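Everything below belongs to query.txt, which stores compact mmCIF, C-alpha atoms.
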```
# COMPACT_ATOMS: atom_id res chain seq x y z
CA MET A 1 -13.51 0.34 23.53
CA PHE A 2 -14.83 -3.23 23.76
CA ARG A 3 -18.35 -2.06 22.91
CA GLU A 4 -17.13 -0.24 19.79
CA VAL A 5 -15.24 -3.28 18.54
CA PHE A 6 -18.14 -5.72 18.90
CA THR A 7 -21.15 -3.59 17.91
CA VAL A 8 -22.69 -3.59 14.46
CA THR A 9 -22.43 0.18 14.06
CA LEU A 10 -19.50 2.46 13.49
CA SER A 11 -18.09 4.22 16.52
CA GLU A 12 -19.93 7.42 17.30
CA ASP A 13 -17.11 9.09 19.23
CA ASP A 14 -15.21 10.85 16.47
CA ASN A 15 -12.80 13.09 18.33
CA GLY A 16 -9.99 12.44 15.89
CA ILE A 17 -6.46 12.14 17.17
CA ASN A 18 -6.06 12.61 20.91
CA PRO A 19 -3.39 11.59 23.44
CA ALA A 20 -5.29 8.46 24.50
CA SER A 21 -5.60 7.18 20.91
CA ILE A 22 -1.91 7.85 20.26
CA ALA A 23 -0.98 6.03 23.49
CA MET A 24 -3.13 3.02 22.55
CA PHE A 25 -1.57 2.92 19.08
CA VAL A 26 1.92 2.97 20.64
CA VAL A 27 0.89 0.13 22.97
CA PHE A 28 -0.36 -1.83 19.93
CA ILE A 29 2.88 -1.24 17.99
CA CYS A 30 5.11 -2.16 20.95
CA SER A 31 3.10 -5.25 21.91
CA THR A 32 3.04 -6.51 18.34
CA ALA A 33 6.77 -5.88 17.97
CA LEU A 34 7.44 -7.80 21.21
CA LEU A 35 5.42 -10.78 19.99
CA VAL A 36 7.16 -10.80 16.60
CA LEU A 37 10.52 -10.52 18.36
CA GLN A 38 9.58 -13.44 20.60
CA VAL A 39 8.69 -15.57 17.55
CA LEU A 40 12.01 -14.69 15.92
CA HIS A 41 13.93 -15.62 19.04
CA ILE A 42 12.08 -18.94 19.43
CA LYS A 43 13.05 -19.74 15.83
CA ASN A 44 16.66 -18.67 16.61
CA MET A 45 16.62 -15.87 14.03
CA LYS A 46 18.26 -12.50 14.43
CA LEU A 47 17.50 -9.65 12.08
CA PHE A 48 19.98 -7.24 13.66
CA PRO A 49 22.94 -7.56 16.05
CA THR A 50 21.05 -6.30 19.12
CA THR A 51 17.59 -6.99 20.45
CA GLY A 52 16.95 -3.26 20.88
CA LYS A 53 17.64 -2.59 17.23
CA GLU A 54 15.41 -5.51 16.22
CA PHE A 55 12.59 -4.13 18.35
CA LEU A 56 13.00 -0.63 16.92
CA MET A 57 13.06 -1.86 13.32
CA ILE A 58 10.00 -4.07 13.74
CA SER A 59 8.18 -1.18 15.43
CA LEU A 60 9.21 1.20 12.65
CA PHE A 61 8.03 -1.27 10.01
CA LEU A 62 4.62 -1.61 11.73
CA PHE A 63 4.28 2.16 12.08
CA LEU A 64 5.16 2.75 8.43
CA PHE A 65 2.79 -0.04 7.36
CA TYR A 66 -0.14 1.59 9.18
CA MET A 67 0.75 5.05 7.92
CA ALA A 68 0.95 3.75 4.32
CA LYS A 69 -2.38 1.98 4.78
CA THR A 70 -3.93 5.18 6.13
CA ILE A 71 -2.64 7.21 3.20
CA LEU A 72 -3.86 4.60 0.70
CA VAL A 73 -7.34 4.50 2.24
CA PHE A 74 -7.54 8.31 2.20
CA PHE A 75 -6.30 8.38 -1.40
CA SER A 76 -8.79 5.68 -2.42
CA GLY A 77 -11.58 7.62 -0.73
CA PHE A 78 -10.55 10.72 -2.65
CA VAL A 79 -10.29 8.92 -6.01
CA PHE A 80 -13.64 7.16 -5.62
CA GLU A 81 -15.25 10.25 -4.02
CA GLN A 82 -16.00 8.38 -0.81
CA GLN A 83 -14.06 10.49 1.70
CA GLN A 84 -16.61 10.12 4.52
CA ARG A 85 -16.71 6.35 4.22
CA ALA A 86 -12.91 6.20 4.01
CA TRP A 87 -12.72 8.20 7.25
CA GLU A 88 -15.27 5.88 8.90
CA TYR A 89 -13.28 2.85 7.82
CA LEU A 90 -10.02 4.30 9.13
CA THR A 91 -11.72 5.10 12.42
CA GLU A 92 -12.80 1.49 12.71
CA ILE A 93 -9.30 0.24 11.81
CA TYR A 94 -7.75 2.31 14.58
CA VAL A 95 -10.45 1.31 17.10
CA TYR A 96 -9.46 -2.26 16.26
CA THR A 97 -5.75 -1.51 16.77
CA HIS A 98 -6.54 0.10 20.13
CA PHE A 99 -8.48 -3.01 21.13
CA LEU A 100 -5.64 -5.26 19.98
CA GLY A 101 -3.22 -3.11 21.96
CA MET A 102 -5.24 -3.82 25.12
CA VAL A 103 -5.31 -7.56 24.31
CA LEU A 104 -1.72 -7.92 23.10
CA LEU A 105 -0.02 -6.18 26.03
CA PRO A 106 -0.98 -8.90 28.53
CA ALA A 107 -0.36 -11.53 25.83
CA ALA A 108 3.18 -10.21 25.28
CA LEU A 109 3.80 -10.34 29.04
CA ILE A 110 2.49 -13.92 29.24
CA VAL A 111 4.72 -15.01 26.35
CA THR A 112 7.72 -13.30 27.90
CA TYR A 113 7.35 -15.21 31.16
CA ALA A 114 6.06 -18.53 29.76
CA THR A 115 8.36 -21.50 30.01
CA ALA A 116 10.24 -22.66 26.92
CA ILE A 117 7.92 -25.67 26.57
CA ASN A 118 4.78 -23.54 26.50
CA ASP A 119 6.15 -20.70 24.32
CA ILE A 120 5.09 -22.11 20.99
CA LYS A 121 1.62 -23.19 22.17
CA VAL A 122 0.93 -19.81 23.76
CA LEU A 123 2.10 -17.97 20.63
CA GLU A 124 -0.01 -20.20 18.39
CA GLY A 125 -3.05 -19.47 20.54
CA ILE A 126 -2.37 -15.74 20.42
CA PHE A 127 -1.92 -15.69 16.64
CA ILE A 128 -5.05 -17.79 16.10
CA GLY A 129 -6.97 -15.31 18.27
CA ILE A 130 -5.55 -12.36 16.34
CA GLY A 131 -6.50 -14.04 13.05
CA ILE A 132 -10.06 -14.63 14.24
CA LEU A 133 -10.39 -11.00 15.39
CA TYR A 134 -8.91 -9.78 12.09
CA ALA A 135 -11.39 -11.88 10.09
CA TYR A 136 -14.21 -10.59 12.31
CA ARG A 137 -13.16 -6.98 11.72
CA THR A 138 -12.95 -7.48 7.96
CA ILE A 139 -16.37 -9.14 7.76
CA LYS A 140 -17.90 -6.53 10.08
CA MET A 141 -16.58 -3.66 7.99
CA PHE A 142 -17.69 -5.34 4.78
CA ILE A 143 -21.24 -5.62 6.12
CA LEU A 144 -21.27 -2.09 7.58
CA MET A 145 -20.00 -0.48 4.41
CA THR A 146 -22.44 -2.34 2.14
CA ASN A 147 -25.28 -1.25 4.46
CA LYS A 148 -24.09 2.35 4.06
CA GLY A 149 -24.41 2.03 0.29
CA LEU A 150 -20.79 1.55 -0.71
CA SER A 151 -20.42 -0.38 -3.94
CA MET A 152 -19.34 -4.03 -3.72
CA MET A 153 -16.70 -3.33 -6.37
CA TYR A 154 -14.97 -0.75 -4.15
CA LEU A 155 -15.01 -3.14 -1.20
CA PHE A 156 -13.68 -6.01 -3.28
CA LEU A 157 -10.85 -3.84 -4.62
CA TYR A 158 -10.04 -2.63 -1.12
CA ILE A 159 -9.99 -6.08 0.42
CA CYS A 160 -7.78 -7.47 -2.34
CA ALA A 161 -5.38 -4.52 -2.48
CA LEU A 162 -5.04 -3.44 1.14
CA GLU A 163 -5.96 -6.46 3.23
CA ILE A 164 -5.06 -9.68 1.40
CA LEU A 165 -2.09 -8.54 -0.70
CA PRO A 166 0.06 -7.20 2.20
CA CYS A 167 -0.58 -10.36 4.23
CA ALA A 168 0.31 -12.57 1.26
CA LEU A 169 3.48 -10.56 0.59
CA LEU A 170 4.58 -10.77 4.24
CA ILE A 171 4.00 -14.52 4.30
CA LYS A 172 5.93 -14.99 1.06
CA TYR A 173 8.78 -12.79 2.36
CA ALA A 174 8.94 -14.77 5.60
CA GLU A 175 9.03 -18.04 3.67
CA MET A 176 11.71 -16.91 1.24
CA SER A 177 14.15 -14.82 3.23
CA LEU A 178 13.56 -15.84 6.82
CA LYS A 179 12.97 -19.52 5.98
CA ILE A 180 9.92 -19.80 8.24
```

For the structure just supplied, provide its representation as structure tokens.
Amino acid sequence: MFREVFTVTLSEDDNGINPASIAMFVVFICSTALLVLQVLHIKNMKLFPTTGKEFLMISLFLFLFYMAKTILVFFSGFVFEQQQRAWEYLTEIYVYTHFLGMVLLPAALIVTYATAINDIKVLEGIFIGIGILYAYRTIKMFILMTNKGLSMMYLFLYICALEILPCALLIKYAEMSLKI
């Protein structure tokens, strides 16, 4: 898993969906939801009456986000007649989520048991690390796909529509409605 994330080639093991990949995706979703829940609780915000319902809704949102992203990448690959490259990109996205799942599980446990004084610093460190890994993945995929002959226009459209826009919308939503 670590080798596939940090090499300059696409992953060769293309077994598709298997129990291990589903389990790693569930670990990623749960760990991310726990970290988001921890941030909300540090900021004294409650989205729903119970913590269980908050966790489930955040997890559902993340799951639906990744499913929508998968569908959009497949649809874009079909429209631009680049199905193989779309599949390769999705494979790399899910390898990255599996890697983040392995990194975020211990991070979520550390944040859970950190003292109140260290909570914010630990979370800031975790989110900075996630941002750096996300930027690395985006740059890596940009380079890999241009080396495979994919047009720069397709990559630019993809990055704007499916990478930058959702992040910008989530940030704007958090600023407006959650007052972060």

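With distances restricted to all atoms listed in the file, A:Ala20 is the closest residue to Val95 in chain A from A:Ala20, A:Ala114, A:Met67, A:Ile164.
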
Can you list, as an mmCIF file with C-alpha atoms, in the frame of the given file, every protein, DNA or RNA residue that comes within 8 Å of range 42-44 of chain A when you count only C-alpha atoms, leaving out same-chain residues fewer than 2 positions away?
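As a result, result_29.cif now contains:
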```cif
data_model
loop_
_atom_site.group_PDB
_atom_site.id
_atom_site.type_symbol
_atom_site.label_atom_id
_atom_site.label_comp_id
_atom_site.auth_asym_id
_atom_site.auth_seq_id
_atom_site.Cartn_x
_atom_site.Cartn_y
_atom_site.Cartn_z
ATOM 1 C CA GLN A 38 9.580 -13.440 20.600
ATOM 2 C CA VAL A 39 8.690 -15.570 17.550
ATOM 3 C CA LEU A 40 12.010 -14.690 15.920
ATOM 4 C CA LYS A 46 18.260 -12.500 14.430
ATOM 5 C CA ASP A 119 6.150 -20.700 24.320
ATOM 6 C CA ILE A 120 5.090 -22.110 20.990
#
```

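Of the residues listed (A:Ile93, A:Leu105, A:Leu133, A:Ala23), A:Leu105 shows the shortest atom-to-atom separation from Leu35 in chain A; distances use all atoms listed in the file.
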
Legend entry - Contacts of Phe48 in chain A at 12 Å (all atoms listed in the file; same-chain gap of 5+ positions) as a list in words: Leu37, Leu40, His41, Lys53, Glu54, Phe55, Leu56, Met57 and Ile58 of chain A

Legend entry - Long-range neighbours of Cys30 in chain A as a PyMOL selection string, 10 Å cut-off, all atoms listed in the file, 3 positions minimum in chain: chain A and resi 24-27+33-36+55-56+58-60+62-63+101+104-105+108

Inset, instruction - List the residues sitting within 12 Å of (-20.3, 9.5, 4.5) in the file's frame, using only C-alpha atoms, as a PyMOL selection string. - result: chain A and resi 10+77+81-89+145+147-150

Inset, instruction - Find the spatial neighbours of Gly129 in chain A, counting only C-alpha atoms, within a cut-off of 12 Å - ignore same-chain residues fewer than 4 positions away - and output them as an MDAnalysis selection string. - result: chainID A and resid 100 103:104 107 122:125 133:136

Block slice range 118-132 of chain A, all heavy atoms, emitted as a CSV table (one decimal), in the first residue's frame:
```csv
chain,number,residue,atom,x,y,z
A,118,ASN,N,-3.9,20.0,24.0
A,118,ASN,CA,-3.2,19.6,22.8
A,118,ASN,C,-4.1,19.2,21.7
A,118,ASN,O,-3.7,19.0,20.6
A,118,ASN,CB,-2.3,18.3,23.1
A,118,ASN,CG,-1.2,18.7,24.1
A,118,ASN,OD1,-0.7,19.8,24.1
A,118,ASN,ND2,-0.9,17.7,24.9
A,119,ASP,N,-5.5,19.2,21.9
A,119,ASP,CA,-6.4,18.8,20.8
A,119,ASP,C,-6.2,19.6,19.6
A,119,ASP,O,-6.1,19.1,18.5
A,119,ASP,CB,-7.8,19.0,21.3
A,119,ASP,CG,-8.4,17.8,22.0
A,119,ASP,OD1,-7.7,16.7,22.0
A,119,ASP,OD2,-9.5,17.9,22.6
A,120,ILE,N,-6.2,20.9,19.7
A,120,ILE,CA,-6.2,21.8,18.5
A,120,ILE,C,-4.9,21.6,17.8
A,120,ILE,O,-4.9,21.6,16.5
A,120,ILE,CB,-6.5,23.3,18.9
A,120,ILE,CG1,-7.9,23.4,19.5
A,120,ILE,CG2,-6.3,24.2,17.8
A,120,ILE,CD1,-8.2,24.7,20.1
A,121,LYS,N,-3.8,21.6,18.5
A,121,LYS,CA,-2.5,21.4,17.8
A,121,LYS,C,-2.4,20.1,17.1
A,121,LYS,O,-1.8,20.0,16.0
A,121,LYS,CB,-1.4,21.6,18.9
A,121,LYS,CG,-1.3,23.0,19.4
A,121,LYS,CD,0.0,23.3,20.0
A,121,LYS,CE,0.1,24.7,20.6
A,121,LYS,NZ,0.0,25.8,19.8
A,122,VAL,N,-2.8,19.1,17.7
A,122,VAL,CA,-2.8,17.7,17.1
A,122,VAL,C,-3.7,17.7,15.8
A,122,VAL,O,-3.2,17.2,14.8
A,122,VAL,CB,-3.2,16.6,18.1
A,122,VAL,CG1,-3.4,15.3,17.4
A,122,VAL,CG2,-2.2,16.5,19.2
A,123,LEU,N,-4.9,18.3,15.9
A,123,LEU,CA,-5.7,18.3,14.8
A,123,LEU,C,-5.2,19.2,13.7
A,123,LEU,O,-5.3,18.8,12.5
A,123,LEU,CB,-7.1,18.9,15.2
A,123,LEU,CG,-8.1,17.9,15.8
A,123,LEU,CD1,-9.3,18.5,16.4
A,123,LEU,CD2,-8.4,16.8,14.8
A,124,GLU,N,-4.6,20.3,14.0
A,124,GLU,CA,-3.9,21.1,13.0
A,124,GLU,C,-2.8,20.4,12.3
A,124,GLU,O,-2.7,20.4,11.0
A,124,GLU,CB,-3.4,22.4,13.6
A,124,GLU,CG,-4.4,23.4,14.0
A,124,GLU,CD,-3.8,24.6,14.7
A,124,GLU,OE1,-2.6,24.6,15.1
A,124,GLU,OE2,-4.6,25.6,15.0
A,125,GLY,N,-2.0,19.7,13.0
A,125,GLY,CA,-0.9,18.8,12.4
A,125,GLY,C,-1.5,17.8,11.5
A,125,GLY,O,-1.0,17.5,10.4
A,126,ILE,N,-2.6,17.1,11.9
A,126,ILE,CA,-3.2,16.1,11.1
A,126,ILE,C,-3.7,16.7,9.8
A,126,ILE,O,-3.5,16.1,8.7
A,126,ILE,CB,-4.3,15.4,11.9
A,126,ILE,CG1,-3.7,14.5,13.0
A,126,ILE,CG2,-5.1,14.5,11.0
A,126,ILE,CD1,-4.6,14.0,14.0
A,127,PHE,N,-4.4,17.8,9.9
A,127,PHE,CA,-5.0,18.4,8.7
A,127,PHE,C,-4.0,19.0,7.8
A,127,PHE,O,-4.1,18.9,6.6
A,127,PHE,CB,-6.1,19.4,9.1
A,127,PHE,CG,-7.4,18.8,9.6
A,127,PHE,CD1,-7.8,19.1,10.8
A,127,PHE,CD2,-8.1,17.9,8.8
A,127,PHE,CE1,-9.0,18.5,11.3
A,127,PHE,CE2,-9.2,17.3,9.3
A,127,PHE,CZ,-9.7,17.5,10.5
A,128,ILE,N,-2.9,19.5,8.3
A,128,ILE,CA,-1.8,19.9,7.5
A,128,ILE,C,-1.2,18.7,6.7
A,128,ILE,O,-0.9,18.8,5.5
A,128,ILE,CB,-0.7,20.7,8.3
A,128,ILE,CG1,-1.3,22.0,8.7
A,128,ILE,CG2,0.6,20.8,7.5
A,128,ILE,CD1,-0.4,22.8,9.7
A,129,GLY,N,-1.0,17.6,7.5
A,129,GLY,CA,-0.5,16.4,6.8
A,129,GLY,C,-1.4,15.9,5.7
A,129,GLY,O,-0.9,15.5,4.7
A,130,ILE,N,-2.7,15.9,6.0
A,130,ILE,CA,-3.7,15.4,5.0
A,130,ILE,C,-3.6,16.3,3.8
A,130,ILE,O,-3.6,15.9,2.6
A,130,ILE,CB,-5.1,15.4,5.6
A,130,ILE,CG1,-5.2,14.3,6.6
A,130,ILE,CG2,-6.1,15.2,4.5
A,130,ILE,CD1,-6.5,14.3,7.4
A,131,GLY,N,-3.5,17.6,4.0
A,131,GLY,CA,-3.4,18.6,2.9
A,131,GLY,C,-2.2,18.4,2.0
A,131,GLY,O,-2.2,18.4,0.8
A,132,ILE,N,-1.1,18.1,2.7
A,132,ILE,CA,0.2,17.8,1.9
A,132,ILE,C,0.0,16.6,1.1
A,132,ILE,O,0.4,16.5,0.0
A,132,ILE,CB,1.4,17.8,2.9
A,132,ILE,CG1,1.7,19.2,3.5
A,132,ILE,CG2,2.6,17.2,2.2
A,132,ILE,CD1,2.7,19.2,4.6
```
